[in-house]
2 protein chains.
Amino acid sequence: MSNQEEGSTITGIPYFAALSWSIYHLKIALLTSSSSSAMAKSQALQSNLDVDYVISYRFAKTDKAKAVAKFEELCEALANVGLQTEVRNGDSHSVLLFVRVASVEHLFGEVYRSRVRDWVHGVRTAAPSKVTRESLEAEPLYEAERLRIIYQLITNPASEGGAGITPKEGEWENVESVFALHDHAYNKDWIQKWTSSYFLKTEDLDDIRNRLGEKIAFYFAFTQSYFSFLIFPAGFGFFSWLFLGSFSPIYGLASAMWCTVFTEYWKQQEIDLAVRWGVKGVSNIDVRKREFEPEKTITDPITGEQVGFFPASKRFQRQLLQIPFALAAATSLGAVIATCFGIEVFISEVYNGPLKSVLVFIPTGILTTVNPILNTILTQLATRLTQFENYETSGAYQKALTQKIFVMNFIMSYLGIFLTAFVYVPFGKVIVPYLDVFNVAVRPFAEDEKQLHLHTSSSWSINPDRLRKQVIYFTVTAQLVNLGMELVVPYLKRRGFAWFKQMQSDRAVKNGGASPSNAANDPPEDAAFLERVRKEAELDVYDVTTDLREMVIQFGYLSLFSVVWPLTAVSFLINDWVELRADAMKICVEMQRPTPWRADTIGPWLDSLSFLTWLGSLTTSALVYMFWNDHTGPSGNPSSIQLWALLLTVFFSEHLFILFRFGVRTVISKLDSPGLQKERRERFLVRKQYFEENLSQLNNMPTLSEKGGEITRKSLEEDARQGSLRDSTPELRFWGRQRGWRESAAVAKSLIERAQNETISERKKEL
Amino acid sequence: MSNQEEGSTITGIPYFAALSWSIYHLKIALLTSSSSSAMAKSQALQSNLDVDYVISYRFAKTDKAKAVAKFEELCEALANVGLQTEVRNGDSHSVLLFVRVASVEHLFGEVYRSRVRDWVHGVRTAAPSKVTRESLEAEPLYEAERLRIIYQLITNPASEGGAGITPKEGEWENVESVFALHDHAYNKDWIQKWTSSYFLKTEDLDDIRNRLGEKIAFYFAFTQSYFSFLIFPAGFGFFSWLFLGSFSPIYGLASAMWCTVFTEYWKQQEIDLAVRWGVKGVSNIDVRKREFEPEKTITDPITGEQVGFFPASKRFQRQLLQIPFALAAATSLGAVIATCFGIEVFISEVYNGPLKSVLVFIPTGILTTVNPILNTILTQLATRLTQFENYETSGAYQKALTQKIFVMNFIMSYLGIFLTAFVYVPFGKVIVPYLDVFNVAVRPFAEDEKQLHLHTSSSWSINPDRLRKQVIYFTVTAQLVNLGMELVVPYLKRRGFAWFKQMQSDRAVKNGGASPSNAANDPPEDAAFLERVRKEAELDVYDVTTDLREMVIQFGYLSLFSVVWPLTAVSFLINDWVELRADAMKICVEMQRPTPWRADTIGPWLDSLSFLTWLGSLTTSALVYMFWNDHTGPSGNPSSIQLWALLLTVFFSEHLFILFRFGVRTVISKLDSPGLQKERRERFLVRKQYFEENLSQLNNMPTLSEKGGEITRKSLEEDARQGSLRDSTPELRFWGRQRGWRESAAVAKSLIERAQNETISERKKEL
């Protein structure tokens with residue numbers, strides 16, 4: 001515990017540390033069965049018994065014979081790639097197959113294969129030394145790499161030297177999941193360390209990278225540098241909240257610039273980290289998608305092999321479906337949001353009958369029920385569509401899917417505020433009267449008609465506070481709720497699931513079923529361990545992209561609307577500090593240990609960032625122009641806005657932004673970073689070595705200086721003879737005149753002297 | 001001549017062919033002295049007598065002893081790098097030193113060094129085979145490469161295995177120039193072929209690349225694809241000139257899209273050609289600038305060597321000087337142009353006294369005299385400034401200089417039209433009255449005051465035709481003049497120079513000087529050849545960037561203003577067809593044979609292209625909005641323009657442009673090109689080879705399937721013993737239970753069966 005105390009003393013935030021600390025313990029306790037003895041439990045938590053991967057094999061739906069046969073195949077396939085296997089009982093209708101590396105040759109083979117691939121794709125500068133062992137001693141595997149390699153060994157097709165086990169796919173649908181076991185000792189330290197320090201150092205990120213792989217490390221790296229960048233806008237935001245108020249152009253400018261700097265900085269930072277972690281360029285290594293359905297097979301012009309081919313033109317046709325999809329998403333989501341918006345405005349600002357205070361929550365109710373459903377439907381639709389687009393590489397697939405999902409999230413997250421800012425406020429007076437249509441929603445509660453209608457259009461005026469309230473809701477309340485959900489929901493889910501299973505087995509016992517529990521026939525000494533493994537087998541699989549999306553969307557609020565409420569960044573700063581720790585805990589406790597994948601970027605989200613930054617330069621300037629006058633914005637009738645002035649503002653600010661971004665890019669590109677230095681050094685060493693190997697013999701080359709002999713009678717005669725030769729070519733004669741540089745020099749001397757004499761004589765004459 | 005006839009027959013343009021053909025002969029005649037006999041001449045033209053390079057050594061300004069000593073050094077230095085030398089007399093006070101490769105070892109050494117450097121910088125995929133001769137036999141040198149290598153052999157510092165001769169610099173200021181001799185036989189064919197064919201095929205460009213190097217080849221490639229792209233806007237322009245008239249939004253849109261497509265296409269094409277010519281990435285090979293003045297020497301963090309260092313911050317401070325420079329350039333050039341513009345407007349539209357027709361040419365006179373002077377001054381200033389910015393690599397230097405020069409050219413080329421379109425036309429009525437100030441220019445000629453003043457502001461109205469006239473002037477007249485100048489000026493210059501030298505020597509003779517001519521003591525058989533070499537020594541050095549700039553500026557007119565006069569592209573189409581041939585001829589006849597440098601891009605001009613395309617989307621839309629109404633544009637008083645509408649148009653069109661460009665980029669990035677295929681093929685072959693070399697031993701690896709023995713009594717006892725061992729670790733015990741995959745399978749079988757039985761029994765009970 002000294003570690004923790006030290007942490008708390010140096011940081012002086014023992015509270016959260018202790019809190020999260022106890023939460024963690026609580027969860028671990030829940031994870032491991034409360035029945036088993038404390039000693040066994042801790043022991044079960046401490047050691048993974050050399051297990052590299054656990055394969056959970058579920059045979060509920062398949063008949064016995066088939067299941068057995070398939071399982072035998074499974075074992076053999078694994079054995080063939082040098083993996084040792086141990087079988088234990090899983091929960092009902094599942095078997096747990098423990099796997100560990102038995103033959104290092106196979107492992108080394110896979111390692112080597114992947115390293116050569118990296119080298120060829122330019123991920124590593126130097127070719128791995130040809131003797132596998134050597135190259136491995138030169139750079140030993142870090143844990144994540146080892147796990148990745150083994151995972152590939154299990155899942156890669158046999159043609160690439162793997163066992164070809166594809167969880168939940170095709171012939172291996174019985175294989176429910178292939179997952180590594182948590183390293184609880186490490187997790188404990190991890191949480192402890194993070195919860196007791198304000199900032200994460202690069203070493204902490206390296207640590208994650210070594211344990212969970214680059215892809216997850218990149219998420220944490222991004223969130224961390226976003227967090228530390230937030231400090232400025234938080235500070236400045238607080239300042240301008242005190243002194244400048246909302247919609248101050250100064251704050252708007254500052255925040256827009258900050259967003260630009262951050263985006264550009266991160267682009268650089270990404271490269272830097274990629275080099276630091278030796279993964280720069282891995283995104284260029286195409287991972288062929290298994291689902292890819294070629295139209296016909298052609299001979300690849302490059303490799304000459306027979307490969308599946310799908311014409312890009314046809315894919316493009318399919319991609320055109322994105323337009324109707326986008327429209328559908330926009331209209332459906334937009335309709336829901338706009339309607340709720342309308343109802344809400346109507347009830348809160350037009351309706352003045354009874355139950356108003358209750359009815360106001362109707363729209364929220366609708367939103368919270370309809371949106372998630374719509375969201376799920378659209379997400380499924382997007383996935384289907386992307387699958388239909390039939391991409392060859394999973395990279396392309398991910399990109400396409402992410403874009404669609406971003407569009408949906410964009411609408412769901414920002415449309416409400418857009419409506420308030422650019423429809424309700426400027427055109428309120430024009431539109432609100434038409435909101436009477438929504439009186440159906442409250443008619444039953446109203447005593448008389450007049451409660452349902454706007455008395456006189458003049459009597460009503462827009463509520464200038466609405467916009468601010470809305471922004472605050474999205475940037476504080478929503479964030480908190482979100483954070484809570486992330487931690488609570490999966491936990492409840494798991495408890496419910498456990499409870500359900502308990503029920504079942506109880507029923508089984510009541511019915512006098514054979515085995516009261518699968519744990520019964522465990523070897524006693526492994527009982528605790530197996531129980532823990534069964535628990536981990538039930539956990540969800542962690543998907544880093546959802547967390548990333550969350551961050552990007554949050555960034556969006558900052559870049560688009562923070563000028564409305566300068567404290568936005570402050571709220572985010574606090575939220576993200578917790579978020580970072582919460583995510584860490586989530587991975588440790590509520591998720592299966594993620595398979596460590598590599599990545600050299602946060603992927604398509606980067607484009608979303610740039611897009612939001614750019615859009616921010618438009619919205620911010622527009623908001624500033626419209627609302628700055630008296631912090632309340634236009635009176636509600638559009639006439640009060642000078643369109644040309646608005647356009648001029650936006651136009652100006654956009655180009656200012658583009659110019660500024662260009663500047664930032666040039667400056668950043670000039671800056672030297674450790675990562676880039678490292679890369680250059682490696683490249684230099686390669687070159688140096690190569691030069692030394694091969695150019696040494698070039699340097700000790702004979703110089704001709706000695707060859708050129710003196711002009712002797714003999715040599716002259718020789719020349720004469722040469723010259724007189726009839727059969728000599730003009731070239732021979734031309735080059736035959738002077739032999740060696742000394743002769744050339746001598747001849748030149750005479751020429752120069754004569755020339756000089758001339759000039760002298762000329763001068764003489766002139767005198 | 002069959003070649004030419006064939007050309008003319010297939011192309012049906014014998015006229016220009018024949019014309020240029022005779023011009024060519026004329027020039028050759030002028031080049032070679034008319035005195036020498038036809039036979040000798042042709043022979044002198046046909047053969048270069050194995051000469052690789054000619055070094056012209058001028059000693060007019062240095063005293064005899066020093067000159068002789070230095071020359072001796074020169075010869076020795078060359079000999080040391082394996083070059084054979086021959087001296088001949090140059091024109092007065094200069095010696096010609098002929099150089100050819102004598103020791104292939106040195107040449108190979110240099111070749112190899114450069115190829116390794118390429119490989120390390122990723123220019124070539126595969127490492128050159130370690131035995132030099134092999135790698136040379138694998139890919140023999142093409143002429144341009146050979147010449148480049150030899151040039152480097154002469155100029156590179158001794159530390160890099162060169163002779164360290166730096167023409168006109170430092171200790172070698174006597175070395176006037178180092179140039180290769182023209183291959184007249186090839187040149188003849190070249191001109192002949194081009195003048196008798198409409199289009200240049202990629203093979204033609206390959207040919208240039210092989211002879212004159214990639215840098216020049218890229219200029220021709222660019223101009224050629226620009227030329228062929230021009231066909232569309234020319235056609236469509238002609239169409240809209242007939243049917244749509246000027247300022248048609250349809251034409252504007254088409255032309256803007258065309259510019260975008262072309263720019264993006266060229267970016268792709270560049271890469272393609274770079275790969276085809278095996279120079280992709282050469283621009284990343286930093287060539288250290290000799291002029292670079294380090295502030296202090298530091299130990300390079302990468303190489304650990306002592307290197308000169310100049311802080312970027314300090315350079316940035318110096319770069320800030322660009323702002324005042326830009327302002328100075330803008331104001332000075334702007335002032336001149338604006339003034340002339342004012343005077344011109346005044347005289348042509350206000351003044352109505354005598355001599356009007358003559359006086360109108362005053363501004364043109366001023367422009368043509370002042371502008372060139374100003375231009376030279378500013379160019380010198382820009383060069384100074386760029387040198388002062390003290391760049392390490394010549395690449396960075398070139399980029400910085402090009403940017404400055406582009407700014408100047410931009411102002412000089414486009415400002416006039418901008419003034420007309422966006423100042424004169426909209427605000428004419430407001431401004432013109434103030435032009436009275438210019439009456440000083442014409443006062444002397446006026447009879448009475450009232451000729452000098454606008455009678456009534458109402459009486460005057462803007463001249464709607466001015467803009468069109470101006471555009472036509474810049475896109476037709478100016479282009480033709482330019483083309484003429486390019487061909488004529490250097491010719492006249494050379495004639496004048498020759499005449500002057502003739503004078504001198506005549507004078508020398510008159511004074512009874514020693515030698516009437518340097519040719520006197522030439523060996524008779526070389527006389528013709530030497531004369532020709534002396535002529536070539538006097539020629540100018542070809543600078544490709546000026547030609548490139550010309551093209552880019554021309555492109556500017558198209559993207560910015562072609563909507564004013566849709567025939568612009570037609571004029572350019574014709575002009576560029578000739579331009580291409582004229583430039584070829586210029587290189588062949590009026591310039592020294594250029595040293596073949598490598599390049600993988602047209603360099604900074606690419607940015608200029610993108611910039612002009614973007615700006616075009618603004619100007620075009622603005623022009624369309626302002627002038628489309630009645631093809632005459634606003635009446636001259638600004639009130640008639642709706643600012644918001646103008647802004648909306650520009651804003652809309654700009655974003656349309658950005659969106660479209662994004663689309664084009666995505667589409668183009670999807671397209672596969674021979675170049676990219678080639679690259680991928682090479683990379684694949686490297687990988688294939690490497691895998692075959694090293695992974696073969698991995699594939700024949702023992703599979704463990706046989707290891708797992710049957711479960712025998714013995715093995716079970718063994719297990720028991722194992723388990724009972726006190727000192728065994730939990731891991732051992734855990735993994736000891738099942739040996740080999742067969743056992744695992746067996747155990748699993750029993751587990752699965754039991755589980756299934758349970759379910760069955762349960763079902764029974766439930767019945």
# chains A, B, ... in the order shown; residues from 1 in each chain; ligands from 1

$ residues_around --residues "Glu731 (chain A)" --least-positions-apart "5" --cutoff "9 Å" --atoms "only C-alpha atoms" --output "list in words"
Gly736 of chain A; Asn48, Leu49, Asp50 and Val51 of chain B

$ select_by_dssp --residues "region 61-220 of chain A" --states "strand (DSSP E)" --output "PyMOL selection string"
chain A and resi 83-89+94-101+175-179

$ write_last_selection --atoms "N, CA, C and O atoms" --output "PDB file, in the first residue's frame"
ATOM      1  N   LEU A  83       0.915 -25.074 -30.087  1.00  0.00           N
ATOM      2  CA  LEU A  83       0.256 -24.570 -28.885  1.00  0.00           C
ATOM      3  C   LEU A  83      -0.187 -25.747 -28.029  1.00  0.00           C
ATOM      4  O   LEU A  83      -0.775 -26.715 -28.535  1.00  0.00           O
ATOM      5  N   GLN A  84       0.093 -25.682 -26.724  1.00  0.00           N
ATOM      6  CA  GLN A  84      -0.328 -26.735 -25.812  1.00  0.00           C
ATOM      7  C   GLN A  84      -1.733 -26.435 -25.327  1.00  0.00           C
ATOM      8  O   GLN A  84      -2.134 -25.276 -25.234  1.00  0.00           O
ATOM      9  N   THR A  85      -2.523 -27.470 -25.059  1.00  0.00           N
ATOM     10  CA  THR A  85      -3.934 -27.267 -24.702  1.00  0.00           C
ATOM     11  C   THR A  85      -4.256 -27.979 -23.392  1.00  0.00           C
ATOM     12  O   THR A  85      -3.681 -29.022 -23.083  1.00  0.00           O
ATOM     13  N   GLU A  86      -5.172 -27.370 -22.639  1.00  0.00           N
ATOM     14  CA  GLU A  86      -5.739 -28.010 -21.434  1.00  0.00           C
ATOM     15  C   GLU A  86      -7.230 -27.731 -21.435  1.00  0.00           C
ATOM     16  O   GLU A  86      -7.646 -26.593 -21.670  1.00  0.00           O
ATOM     17  N   VAL A  87      -8.022 -28.730 -21.193  1.00  0.00           N
ATOM     18  CA  VAL A  87      -9.471 -28.539 -21.189  1.00  0.00           C
ATOM     19  C   VAL A  87      -9.985 -28.493 -19.758  1.00  0.00           C
ATOM     20  O   VAL A  87      -9.515 -29.232 -18.901  1.00  0.00           O
ATOM     21  N   ARG A  88     -10.915 -27.562 -19.518  1.00  0.00           N
ATOM     22  CA  ARG A  88     -11.634 -27.558 -18.246  1.00  0.00           C
ATOM     23  C   ARG A  88     -13.103 -27.300 -18.551  1.00  0.00           C
ATOM     24  O   ARG A  88     -13.445 -26.818 -19.643  1.00  0.00           O
ATOM     25  N   ASN A  89     -13.926 -27.581 -17.569  1.00  0.00           N
ATOM     26  CA  ASN A  89     -15.349 -27.380 -17.749  1.00  0.00           C
ATOM     27  C   ASN A  89     -15.675 -25.888 -17.699  1.00  0.00           C
ATOM     28  O   ASN A  89     -15.144 -25.155 -16.861  1.00  0.00           O
ATOM     29  N   SER A  94     -20.643 -25.290 -22.109  1.00  0.00           N
ATOM     30  CA  SER A  94     -19.447 -24.718 -22.714  1.00  0.00           C
ATOM     31  C   SER A  94     -18.208 -25.354 -22.080  1.00  0.00           C
ATOM     32  O   SER A  94     -18.255 -25.795 -20.942  1.00  0.00           O
ATOM     33  N   VAL A  95     -17.176 -25.431 -22.851  1.00  0.00           N
ATOM     34  CA  VAL A  95     -15.906 -25.974 -22.378  1.00  0.00           C
ATOM     35  C   VAL A  95     -14.869 -24.884 -22.532  1.00  0.00           C
ATOM     36  O   VAL A  95     -14.910 -24.112 -23.488  1.00  0.00           O
ATOM     37  N   LEU A  96     -13.965 -24.797 -21.556  1.00  0.00           N
ATOM     38  CA  LEU A  96     -12.892 -23.812 -21.653  1.00  0.00           C
ATOM     39  C   LEU A  96     -11.629 -24.529 -22.086  1.00  0.00           C
ATOM     40  O   LEU A  96     -11.209 -25.513 -21.456  1.00  0.00           O
ATOM     41  N   LEU A  97     -11.036 -24.051 -23.194  1.00  0.00           N
ATOM     42  CA  LEU A  97      -9.795 -24.652 -23.673  1.00  0.00           C
ATOM     43  C   LEU A  97      -8.663 -23.665 -23.401  1.00  0.00           C
ATOM     44  O   LEU A  97      -8.655 -22.559 -23.946  1.00  0.00           O
ATOM     45  N   PHE A  98      -7.746 -24.058 -22.509  1.00  0.00           N
ATOM     46  CA  PHE A  98      -6.624 -23.183 -22.175  1.00  0.00           C
ATOM     47  C   PHE A  98      -5.489 -23.456 -23.145  1.00  0.00           C
ATOM     48  O   PHE A  98      -5.217 -24.604 -23.482  1.00  0.00           O
ATOM     49  N   VAL A  99      -4.853 -22.376 -23.591  1.00  0.00           N
ATOM     50  CA  VAL A  99      -3.824 -22.511 -24.623  1.00  0.00           C
ATOM     51  C   VAL A  99      -2.559 -21.826 -24.156  1.00  0.00           C
ATOM     52  O   VAL A  99      -2.615 -20.744 -23.572  1.00  0.00           O
ATOM     53  N   ARG A 100      -1.423 -22.471 -24.372  1.00  0.00           N
ATOM     54  CA  ARG A 100      -0.151 -21.768 -24.158  1.00  0.00           C
ATOM     55  C   ARG A 100       0.859 -22.240 -25.184  1.00  0.00           C
ATOM     56  O   ARG A 100       0.717 -23.325 -25.751  1.00  0.00           O
ATOM     57  N   VAL A 101       1.863 -21.413 -25.404  1.00  0.00           N
ATOM     58  CA  VAL A 101       2.871 -21.723 -26.415  1.00  0.00           C
ATOM     59  C   VAL A 101       3.748 -22.864 -25.925  1.00  0.00           C
ATOM     60  O   VAL A 101       4.289 -22.803 -24.818  1.00  0.00           O
ATOM     61  N   VAL A 175     -16.866 -21.839 -31.502  1.00  0.00           N
ATOM     62  CA  VAL A 175     -15.852 -21.110 -30.727  1.00  0.00           C
ATOM     63  C   VAL A 175     -16.425 -19.742 -30.379  1.00  0.00           C
ATOM     64  O   VAL A 175     -16.527 -18.871 -31.237  1.00  0.00           O
ATOM     65  N   GLU A 176     -16.825 -19.582 -29.121  1.00  0.00           N
ATOM     66  CA  GLU A 176     -17.547 -18.370 -28.742  1.00  0.00           C
ATOM     67  C   GLU A 176     -16.607 -17.181 -28.671  1.00  0.00           C
ATOM     68  O   GLU A 176     -16.923 -16.105 -29.168  1.00  0.00           O
ATOM     69  N   SER A 177     -15.464 -17.392 -28.038  1.00  0.00           N
ATOM     70  CA  SER A 177     -14.534 -16.274 -27.920  1.00  0.00           C
ATOM     71  C   SER A 177     -13.130 -16.793 -27.646  1.00  0.00           C
ATOM     72  O   SER A 177     -12.953 -17.889 -27.119  1.00  0.00           O
ATOM     73  N   VAL A 178     -12.160 -15.988 -28.064  1.00  0.00           N
ATOM     74  CA  VAL A 178     -10.748 -16.280 -27.789  1.00  0.00           C
ATOM     75  C   VAL A 178     -10.201 -15.073 -27.050  1.00  0.00           C
ATOM     76  O   VAL A 178     -10.132 -13.982 -27.627  1.00  0.00           O
ATOM     77  N   PHE A 179      -9.891 -15.244 -25.778  1.00  0.00           N
ATOM     78  CA  PHE A 179      -9.491 -14.059 -25.004  1.00  0.00           C
ATOM     79  C   PHE A 179      -8.353 -14.401 -24.056  1.00  0.00           C
ATOM     80  O   PHE A 179      -8.198 -15.545 -23.634  1.00  0.00           O
TER      81      PHE A 179
END

$ atom_distance --atom1 "CA of Trp605 (chain B)" --atom2 "CA of Glu392 (chain B)"
20.6 Å

$ residues_around --residues "region 305-317 of chain A" --least-positions-apart "6" --cutoff "10 Å" --atoms "only C-alpha atoms" --output "list in words"
Phe292, Glu293, Pro294, Glu295, Lys296, Thr297, Ile298, Thr299, Phe388, Glu389, Asn390, Tyr391 and Glu392 of chain A; Val667, Lys670 and Leu671 of chain B

$ write_last_selection --atoms "N, CA and C atoms" --output "JSON list (two decimals), in the first residue's frame"
[["chain", "number", "residue", "atom", "x", "y", "z"],
["A", 292, "PHE", "N", -15.13, -10.27, -47.47],
["A", 292, "PHE", "CA", -15.07, -9.72, -48.83],
["A", 292, "PHE", "C", -15.53, -10.75, -49.85],
["A", 293, "GLU", "N", -16.52, -10.35, -50.66],
["A", 293, "GLU", "CA", -17.03, -11.27, -51.68],
["A", 293, "GLU", "C", -16.62, -10.79, -53.06],
["A", 294, "PRO", "N", -15.57, -11.39, -53.62],
["A", 294, "PRO", "CA", -15.14, -10.97, -54.96],
["A", 294, "PRO", "C", -16.20, -11.28, -56.01],
["A", 295, "GLU", "N", -16.25, -10.42, -57.01],
["A", 295, "GLU", "CA", -17.20, -10.66, -58.10],
["A", 295, "GLU", "C", -16.65, -11.74, -59.02],
["A", 296, "LYS", "N", -15.38, -11.57, -59.35],
["A", 296, "LYS", "CA", -14.71, -12.61, -60.16],
["A", 296, "LYS", "C", -13.25, -12.66, -59.72],
["A", 297, "THR", "N", -12.57, -13.74, -60.06],
["A", 297, "THR", "CA", -11.15, -13.82, -59.72],
["A", 297, "THR", "C", -10.32, -13.45, -60.94],
["A", 298, "ILE", "N", -9.33, -12.59, -60.69],
["A", 298, "ILE", "CA", -8.44, -12.18, -61.79],
["A", 298, "ILE", "C", -7.01, -12.49, -61.38],
["A", 299, "THR", "N", -6.13, -12.47, -62.36],
["A", 299, "THR", "CA", -4.71, -12.61, -62.01],
["A", 299, "THR", "C", -4.19, -11.23, -61.63],
["A", 388, "PHE", "N", -22.44, -4.24, -47.41],
["A", 388, "PHE", "CA", -22.90, -4.35, -48.79],
["A", 388, "PHE", "C", -21.90, -3.68, -49.74],
["A", 389, "GLU", "N", -21.28, -2.62, -49.25],
["A", 389, "GLU", "CA", -20.29, -1.93, -50.09],
["A", 389, "GLU", "C", -19.08, -2.82, -50.33],
["A", 390, "ASN", "N", -18.94, -3.86, -49.51],
["A", 390, "ASN", "CA", -18.03, -4.96, -49.84],
["A", 390, "ASN", "C", -16.58, -4.51, -50.02],
["A", 391, "TYR", "N", -16.00, -4.05, -48.93],
["A", 391, "TYR", "CA", -14.61, -3.58, -48.98],
["A", 391, "TYR", "C", -13.64, -4.73, -48.87],
["A", 392, "GLU", "N", -12.49, -4.56, -49.49],
["A", 392, "GLU", "CA", -11.50, -5.64, -49.48],
["A", 392, "GLU", "C", -10.74, -5.68, -48.17],
["B", 667, "VAL", "N", -11.77, 10.23, -55.90],
["B", 667, "VAL", "CA", -11.87, 9.41, -57.11],
["B", 667, "VAL", "C", -10.48, 9.09, -57.64],
["B", 670, "LYS", "N", -8.48, 6.62, -55.91],
["B", 670, "LYS", "CA", -8.94, 5.25, -56.13],
["B", 670, "LYS", "C", -8.38, 4.68, -57.43],
["B", 671, "LEU", "N", -8.18, 5.56, -58.40],
["B", 671, "LEU", "CA", -7.72, 5.08, -59.71],
["B", 671, "LEU", "C", -6.33, 4.47, -59.59]]

$ residues_around --residues "region 474-481 of chain B" --least-positions-apart "3" --cutoff "10 Å" --atoms "only C-alpha atoms" --output "ChimeraX atom specification"
/B:413-414,416-417,469-471,484-486,550,554,557-558,561-562,565,567-572,575-576,579

$ closest_residue --among "B:Val650, B:Ala537, B:Ala67, B:Ala622" --to "Arg593 (chain B)" --atoms "only C-alpha atoms"
B:Ala537

$ closest_residue --among "B:Ala382, B:Ala396, B:Ile574, B:Ala217" --to "chain A" --atoms "only C-alpha atoms"
B:Ala396

$ closest_residue --among "B:Val578, B:Met591, B:Val664, B:Leu646" --to "chain A" --atoms "only C-alpha atoms"
B:Leu646

$ closest_residue --among "A:Lys267, A:Arg507, A:Lys429, A:Arg665" --to "chain B" --atoms "only C-alpha atoms"
A:Arg507

$ atom_distance --atom1 "CA of Leu78 (chain A)" --atom2 "CA of Glu753 (chain B)"
22.1 Å

$ residues_around --residues "Phe422 (chain A)" --least-positions-apart "4" --cutoff "10 Å" --atoms "only C-alpha atoms" --output "VMD selection string"
chain A and resid 417 to 418 426 to 428 619 622 to 623 626

$ write_last_selection --atoms "C-alpha atoms" --output "tab-separated table (two decimals), in the first residue's frame"
chain	number	residue	atom	x	y	z
A	417	ILE	CA	-28.60	23.35	-30.55
A	418	PHE	CA	-28.43	24.26	-34.23
A	426	PRO	CA	-33.73	34.36	-35.48
A	427	PHE	CA	-37.09	33.20	-36.82
A	428	GLY	CA	-38.88	32.48	-33.56
A	619	THR	CA	-20.72	28.58	-36.23
A	622	ALA	CA	-22.09	33.37	-36.82
A	623	LEU	CA	-23.12	33.07	-33.17
A	626	MET	CA	-25.89	37.31	-34.08

$ residues_around --residues "Val432 (chain B)" --least-positions-apart "2" --cutoff "9 Å" --atoms "only C-alpha atoms" --output "list of chain:residue names"
B:Gly342, B:Val345, B:Phe346, B:Val350, B:Tyr424, B:Phe427, B:Gly428, B:Lys429, B:Val430, B:Tyr434, B:Leu435, B:Asp436, B:Leu454, B:Ser457, B:Trp460, B:Ile462

$ residues_around --residues "region 180-191 of chain B" --least-positions-apart "5" --cutoff "8 Å" --atoms "only C-alpha atoms" --output "VMD selection string"
chain B and resid 21 45 to 48 51 to 54 147 533 536 581 584 to 585 588 592 to 595

$ closest_residue --among "B:Phe243, B:Trp119, B:Tyr226, B:Tyr542" --to "chain A" --atoms "only C-alpha atoms"
B:Trp119

$ atom_distance --atom1 "CA of Ser92 (chain A)" --atom2 "CA of Cys75 (chain A)"
20.5 Å
